[in-house]
Amino acid sequence: MAAPMMELSNHNSNDLSHLKRTDSPKSPSADRNLTDDVVQLVQKEIGSDLKSLKNVAGLLEKLTLENKQLEEQVATVSSSVPLRVSSALYAAEESRLKLEALLEKERLLSNTLQQHLQGSQVWADSIGQVLGQLDTLERQMKYLQCLARIEELSNSIQQHLMTNSVWEAVGAIDSMASLDMGLRESGCSHLQAFLRETLRFWHKILKDKLASDFEEVLTQFHWPFISPPTQSLSPPANAQELNSQLELLASQLLSLQTSDDLISEKEAPSCPGLSQNPPLSLPIQIMLLPLSKRFRYHFTGNRQTNTLSKPEWYLTQVLMWMGNSSNFMDEKIQPILDRAGSKITARVELFRGLLTLAQEKLARDAPRLLYDDALFCHLVDEVLQFEKELRTTHSYPRSYPGVLHILLDEAVLQKWLSVEKKMAVEKVDAMLSAEGAWSSQYKDITDMDDFKAPDCAETFMTLLLVITERYRSLPCPRAQLSFLALQKELMDDFRIRLTQVMKEESRQPLSPRYCAILNATNYISTVLSDWGDNVFFLQLQQAAVSVGEEILGPLGATETGRLASLEGSLFEGLLALLERLRGDMQGRLLDTVMRDVKEKAQTYCKDRWISLPSQCDQATMSLSSSACPMMLCLRDHLLQLQQLLCVPLFQIFWQGLAERLDSFIYEDLILYNHFNEGGAAQLQFDMTRNLFPLFGHYCKRPENFFKHVKEACIILTLKVGPALLLWDVLKQGEEDDGTRNHQQPSPEAALNELGIFKLAPNDVQILLKLRSNLLNQ
């Protein structure tokens with residue numbers, strides 16, 4: 001206890017270091033330090049002022065009080081801390097003793113346990129050996145029980161077959177099939193093989209017996225229907241008995257389905273290119289046998305009907321058998337399946353079986369045609385036509401695969417793409433070199449010639465549409481995107497060809513061929529815009545977001561986001577290029593017409609507008625003679641381009657022409673000359689009674705497209721009084737520093753009252769200065 005107390009005393013001495021110990025031996029250095037402290041304290045509290053000596057009593061009292069408080073604290077700490085420390089040490093000692101007792105007990109128990117384990121190891125080894133023998137005997141007993149059960153079921157089946165108890169035999173075979181499924185996880189391979197062989201043996205005997213009876217009954221129903229069935233005048237006398245036998249045999253065959261599926265699991269060969277479907281039901285398999293024999297007889301081997309150049313022969317034969325058998329399957333077989341609780345559709349099951357024949361034939365023939373483009377194309381066309389008729393005429397469900405997956409084999413698909421591209425390029429070459437390539441086939445039928453698309457553009461888009469229809473029904477989005485990439489490549493190639501022909505015709509922008517190219521560009525852009533909103537291409541757009549980069553190339557984060565949100569379309573890049581081409585061609589067309597108009601308007605712009613006779617001096621107003629060439633030029637060009645351009649393009653053209661003509665007349669004629677009263681009236685007559693009506697054939701208010709000219713004529717023909725008043729208002733507004741009288745109208749309000757909305761006040765001032773009667777203003 002002395003050591004802890006020493007440590008505690010040292011710890012407390014740190015906290016109370018400012019106290020002076022009186023019980024420790026005093027050294028000379030300690031006395032010296034104490035004297036120095038006292039001197040410093042007295043110097044601090046009293047100083048050198050003798051009058052401050054009266055404070056000595058208070059200082060002494062204060063120090064005495066502090067010393068007393070410190071002594072009380074030291075006494076309290078020194079009395080409480082030893083009690084806590086002694087208590088903690090006592091608890092620690094007690095815990096140590098308990099731990100030692102527990103360790104001793106654990107050691108004794110461990111020794112006892114080790115001795116017990118050593119003594120019982122012999123017994124454990126002996127018991128383990130006995131248990132192993134028991135486990136082996138139990139497995140052997142179960143093995144023998146399985147053999148006995150198999151033997152029992154086998155004898156039962158044999159007895160039932162000898163007594164013609166078919167249903168009981170079917171039940172025994174079903175029990176054997178259940179036992180087979182129960183042994184799937186077992187490691188007894190020999191037992192499994194023996195059971196499977198036994199099951200196959202009895203299943204074949206019973207199946208052959210039922211199949212023979214079933215085929216005999218079907219024969220009496222004239223199955224199979226090789227030709228369209230004809231309705232007999234009267235039903236056979238034993239029709240009811242035949243129907244009963246048909247239902248009984250079909251039900252018994254359906255009960256054998258489980259064992260048949262088990263046997264067919266390992267016997268069915270896996271053919272590449274063929275879709276894996278659940279096995280057909282037994283009655284349908286038996287019904288397919290005569291059709292399968294006929295198919296293989298005619299379309300395999302060295303028969304004349306087995307030719308690579310005529311895939312339509314066997315495809316049409318399959319479709320004919322489907323059509324001939326549909327009514328019998330719906331009327332005779334389907335009710336039996338429904339009463340037996342089966343969930344299958346008889347007609348669809350038969351179609352599945354017939355399709356397997358066509359799939360196997362296609363899978364064998366398709367690779368042999370990869371090196372003959374003509375035969376390959378014919379095969380693709382026939383397969384697509386077969387698939388279409390299968391889905392529409394015979395209502396084969398979309399959830400079941402048809403024959404298109406045969407064309408999705410990588411080698412076959414790449415060949416299809418290359419042939420499509422090759423033939424499309426050849427057709428484009430032929431159509432562009434044809435005599436009537438740049439004329440519309442509907443040019444003589446005004447109601448059908450809204451786009452005025454040349455024959456080459458319309459044929460090209462029809463070609464793309466045919467390609468779309470061919471790959472639309474493919475069950476793989478990746479393959480569809482491959483064809484879309486091919487279409488985009490063909491579109492871009494056709495755009496480049498249009499650009500090349502346009503450059504050849506750019507010296508004569510008003511030629512029919514140049515306008516035909518412009519119409520073609522507009523027509524293709526319109527069709528592509530419609531395709532971008534089509535449901536099929538919208539679905540492809542969503543597929544392109546996930547797998548498109550592998551086929552369409554890197555799309556970029558922005559384009560991918562736009563495609564995913566349906567803001568953009570798959571044809572956005574092509575549309576931008578076509579729009580650029582169309583804009584360049586329209587600009588060149590406008591430049592050519594305006595150049596011609598400006599040339600014809602030179603004399604008109606230089607007329608003596610300041611010296612023309614006033615309106616009252618003329619009997620009737622007539623068009624200025626110098627304006628006739630310009631007006632005739634405009635009329636001829638408008639009539640010509642109205643015939644050559646489609647309605648949307650012509651509307652853009654005449655509106656652009658009106659805008660340029662408005663700026664030209666305003667800047668090169670009006671602002672270039674001075675006008676007297678007669679000149680202003682003549683200009684207004686030429687514009688409102690001649691120029692504006694030229695464009696009145698295409699809109700109701702053509703003057704709205706000539707706002708500069710219309711408003712300039714208003715200013716130039718304004719009476720002198722109102723013109724002077726307007727001048728004062730504009731001048732006052734120009735000099736206004738923000739202190740204008742609110743009762744006086746603003747320049748803008750005054751102009752609006754006159755119908756001036758386009759021209760600014762400064763422009764109006766310039767026009768007023770062009771009037772000869774206001775030149776001195």
# chains A, B, ... in the order shown; residues from 1 in each chain; ligands from 1
>>> residues_around(residues="segment 165-167 of chain A", least_positions_apart="4", cutoff="9 Å", atoms="only C-alpha atoms", output="CSV table (one decimal) with C-alpha atoms, in the first residue's frame")
chain,number,residue,atom,x,y,z
A,157,ILE,CA,-47.5,-54.1,-67.1
A,159,GLN,CA,-50.2,-58.9,-67.0
A,160,HIS,CA,-52.3,-55.8,-68.0
A,161,LEU,CA,-51.2,-56.1,-71.6
A,171,GLY,CA,-50.8,-46.3,-64.9
A,172,ALA,CA,-48.0,-48.8,-64.2
A,206,LEU,CA,-47.7,-50.0,-75.4
A,210,LEU,CA,-51.9,-47.6,-79.1
A,252,GLN,CA,-54.5,-43.1,-73.4
A,255,SER,CA,-51.4,-40.4,-70.3
>>> select_by_dssp(residues="segment 545-749 of chain A", states="alpha helix (DSSP H)", output="VMD selection string")
chain A and resid 545 to 552 557 to 564 572 to 600 602 to 605 628 to 644 647 to 664 677 to 686 692 to 695 707 to 716 720 to 735 747 to 749
>>> closest_residue(among="A:Leu563, A:Leu183, A:Cys646, A:Tyr396", to="Ser440 of chain A", atoms="only C-alpha atoms")
A:Cys646
>>> residues_around(residues="Asp686 of chain A", least_positions_apart="3", cutoff="8 Å", atoms="only C-alpha atoms", output="MDAnalysis selection string")
chainID A and resid 622:624 627 682:683 689:691
>>> write_last_selection(atoms="all heavy atoms", output="PDB file, in the first residue's frame")
ATOM      1  N   SER A 622     -51.290  53.828-114.978  1.00  0.00           N
ATOM      2  CA  SER A 622     -50.863  52.572-115.607  1.00  0.00           C
ATOM      3  C   SER A 622     -49.469  52.227-115.096  1.00  0.00           C
ATOM      4  O   SER A 622     -48.762  53.077-114.548  1.00  0.00           O
ATOM      5  CB  SER A 622     -50.849  52.701-117.129  1.00  0.00           C
ATOM      6  OG  SER A 622     -49.927  53.713-117.524  1.00  0.00           O
ATOM      7  N   LEU A 623     -49.094  51.012-115.294  1.00  0.00           N
ATOM      8  CA  LEU A 623     -47.798  50.533-114.833  1.00  0.00           C
ATOM      9  C   LEU A 623     -46.682  51.271-115.564  1.00  0.00           C
ATOM     10  O   LEU A 623     -46.758  51.523-116.765  1.00  0.00           O
ATOM     11  CB  LEU A 623     -47.670  49.022-115.088  1.00  0.00           C
ATOM     12  CG  LEU A 623     -46.322  48.381-114.757  1.00  0.00           C
ATOM     13  CD1 LEU A 623     -46.034  48.431-113.260  1.00  0.00           C
ATOM     14  CD2 LEU A 623     -46.297  46.942-115.258  1.00  0.00           C
ATOM     15  N   SER A 624     -45.663  51.628-114.817  1.00  0.00           N
ATOM     16  CA  SER A 624     -44.508  52.289-115.426  1.00  0.00           C
ATOM     17  C   SER A 624     -43.918  51.393-116.513  1.00  0.00           C
ATOM     18  O   SER A 624     -43.764  50.176-116.318  1.00  0.00           O
ATOM     19  CB  SER A 624     -43.446  52.577-114.369  1.00  0.00           C
ATOM     20  OG  SER A 624     -43.953  53.419-113.346  1.00  0.00           O
ATOM     21  N   ALA A 627     -40.965  49.403-115.583  1.00  0.00           N
ATOM     22  CA  ALA A 627     -41.170  48.297-114.638  1.00  0.00           C
ATOM     23  C   ALA A 627     -41.636  47.028-115.324  1.00  0.00           C
ATOM     24  O   ALA A 627     -41.644  45.952-114.717  1.00  0.00           O
ATOM     25  CB  ALA A 627     -42.179  48.694-113.566  1.00  0.00           C
ATOM     26  N   GLN A 682     -47.062  57.160-108.467  1.00  0.00           N
ATOM     27  CA  GLN A 682     -46.765  56.134-109.460  1.00  0.00           C
ATOM     28  C   GLN A 682     -46.117  54.912-108.797  1.00  0.00           C
ATOM     29  O   GLN A 682     -46.436  53.757-109.122  1.00  0.00           O
ATOM     30  CB  GLN A 682     -45.823  56.703-110.519  1.00  0.00           C
ATOM     31  CG  GLN A 682     -45.504  55.732-111.655  1.00  0.00           C
ATOM     32  CD  GLN A 682     -46.737  55.378-112.472  1.00  0.00           C
ATOM     33  OE1 GLN A 682     -47.492  56.268-112.878  1.00  0.00           O
ATOM     34  NE2 GLN A 682     -46.960  54.091-112.692  1.00  0.00           N
ATOM     35  N   LEU A 683     -45.193  55.162-107.863  1.00  0.00           N
ATOM     36  CA  LEU A 683     -44.558  54.049-107.159  1.00  0.00           C
ATOM     37  C   LEU A 683     -45.590  53.242-106.378  1.00  0.00           C
ATOM     38  O   LEU A 683     -45.589  52.004-106.414  1.00  0.00           O
ATOM     39  CB  LEU A 683     -43.481  54.579-106.217  1.00  0.00           C
ATOM     40  CG  LEU A 683     -42.779  53.518-105.363  1.00  0.00           C
ATOM     41  CD1 LEU A 683     -41.956  52.582-106.227  1.00  0.00           C
ATOM     42  CD2 LEU A 683     -41.895  54.177-104.305  1.00  0.00           C
ATOM     43  N   ARG A 689     -50.805  47.759-107.114  1.00  0.00           N
ATOM     44  CA  ARG A 689     -51.712  47.273-108.166  1.00  0.00           C
ATOM     45  C   ARG A 689     -51.039  46.306-109.123  1.00  0.00           C
ATOM     46  O   ARG A 689     -51.714  45.697-109.967  1.00  0.00           O
ATOM     47  CB  ARG A 689     -52.263  48.470-108.958  1.00  0.00           C
ATOM     48  CG  ARG A 689     -53.034  49.476-108.108  1.00  0.00           C
ATOM     49  CD  ARG A 689     -54.297  48.860-107.538  1.00  0.00           C
ATOM     50  NE  ARG A 689     -55.222  48.467-108.591  1.00  0.00           N
ATOM     51  CZ  ARG A 689     -56.093  49.300-109.168  1.00  0.00           C
ATOM     52  NH1 ARG A 689     -56.156  50.574-108.787  1.00  0.00           N
ATOM     53  NH2 ARG A 689     -56.893  48.865-110.131  1.00  0.00           N
ATOM     54  N   ASN A 690     -49.718  46.159-109.012  1.00  0.00           N
ATOM     55  CA  ASN A 690     -49.013  45.296-109.958  1.00  0.00           C
ATOM     56  C   ASN A 690     -48.082  44.282-109.265  1.00  0.00           C
ATOM     57  O   ASN A 690     -48.179  43.080-109.515  1.00  0.00           O
ATOM     58  CB  ASN A 690     -48.200  46.145-110.940  1.00  0.00           C
ATOM     59  CG  ASN A 690     -49.096  46.971-111.856  1.00  0.00           C
ATOM     60  OD1 ASN A 690     -49.602  46.495-112.856  1.00  0.00           O
ATOM     61  ND2 ASN A 690     -49.307  48.250-111.485  1.00  0.00           N
ATOM     62  N   LEU A 691     -47.157  44.792-108.394  1.00  0.00           N
ATOM     63  CA  LEU A 691     -46.218  43.877-107.763  1.00  0.00           C
ATOM     64  C   LEU A 691     -46.912  42.983-106.734  1.00  0.00           C
ATOM     65  O   LEU A 691     -46.762  41.747-106.772  1.00  0.00           O
ATOM     66  CB  LEU A 691     -45.084  44.666-107.100  1.00  0.00           C
ATOM     67  CG  LEU A 691     -44.040  43.804-106.365  1.00  0.00           C
ATOM     68  CD1 LEU A 691     -43.324  42.885-107.340  1.00  0.00           C
ATOM     69  CD2 LEU A 691     -43.045  44.674-105.617  1.00  0.00           C
TER      70      LEU A 691
END
>>> residues_around(residues="Ala520 of chain A", least_positions_apart="3", cutoff="9 Å", atoms="only C-alpha atoms", output="list in words")
Trp438, Phe451, Lys452, Ala453, Pro454, Asp455, Cys456, Ala457, Glu458, Leu498, Cys515, Ala516, Ile517, Tyr523, Ile524 and Ser525 of chain A
>>> atom_distance(atom1="atom CA of Leu41 of chain A", atom2="atom CA of Gln73 of chain A")
23.6 Å
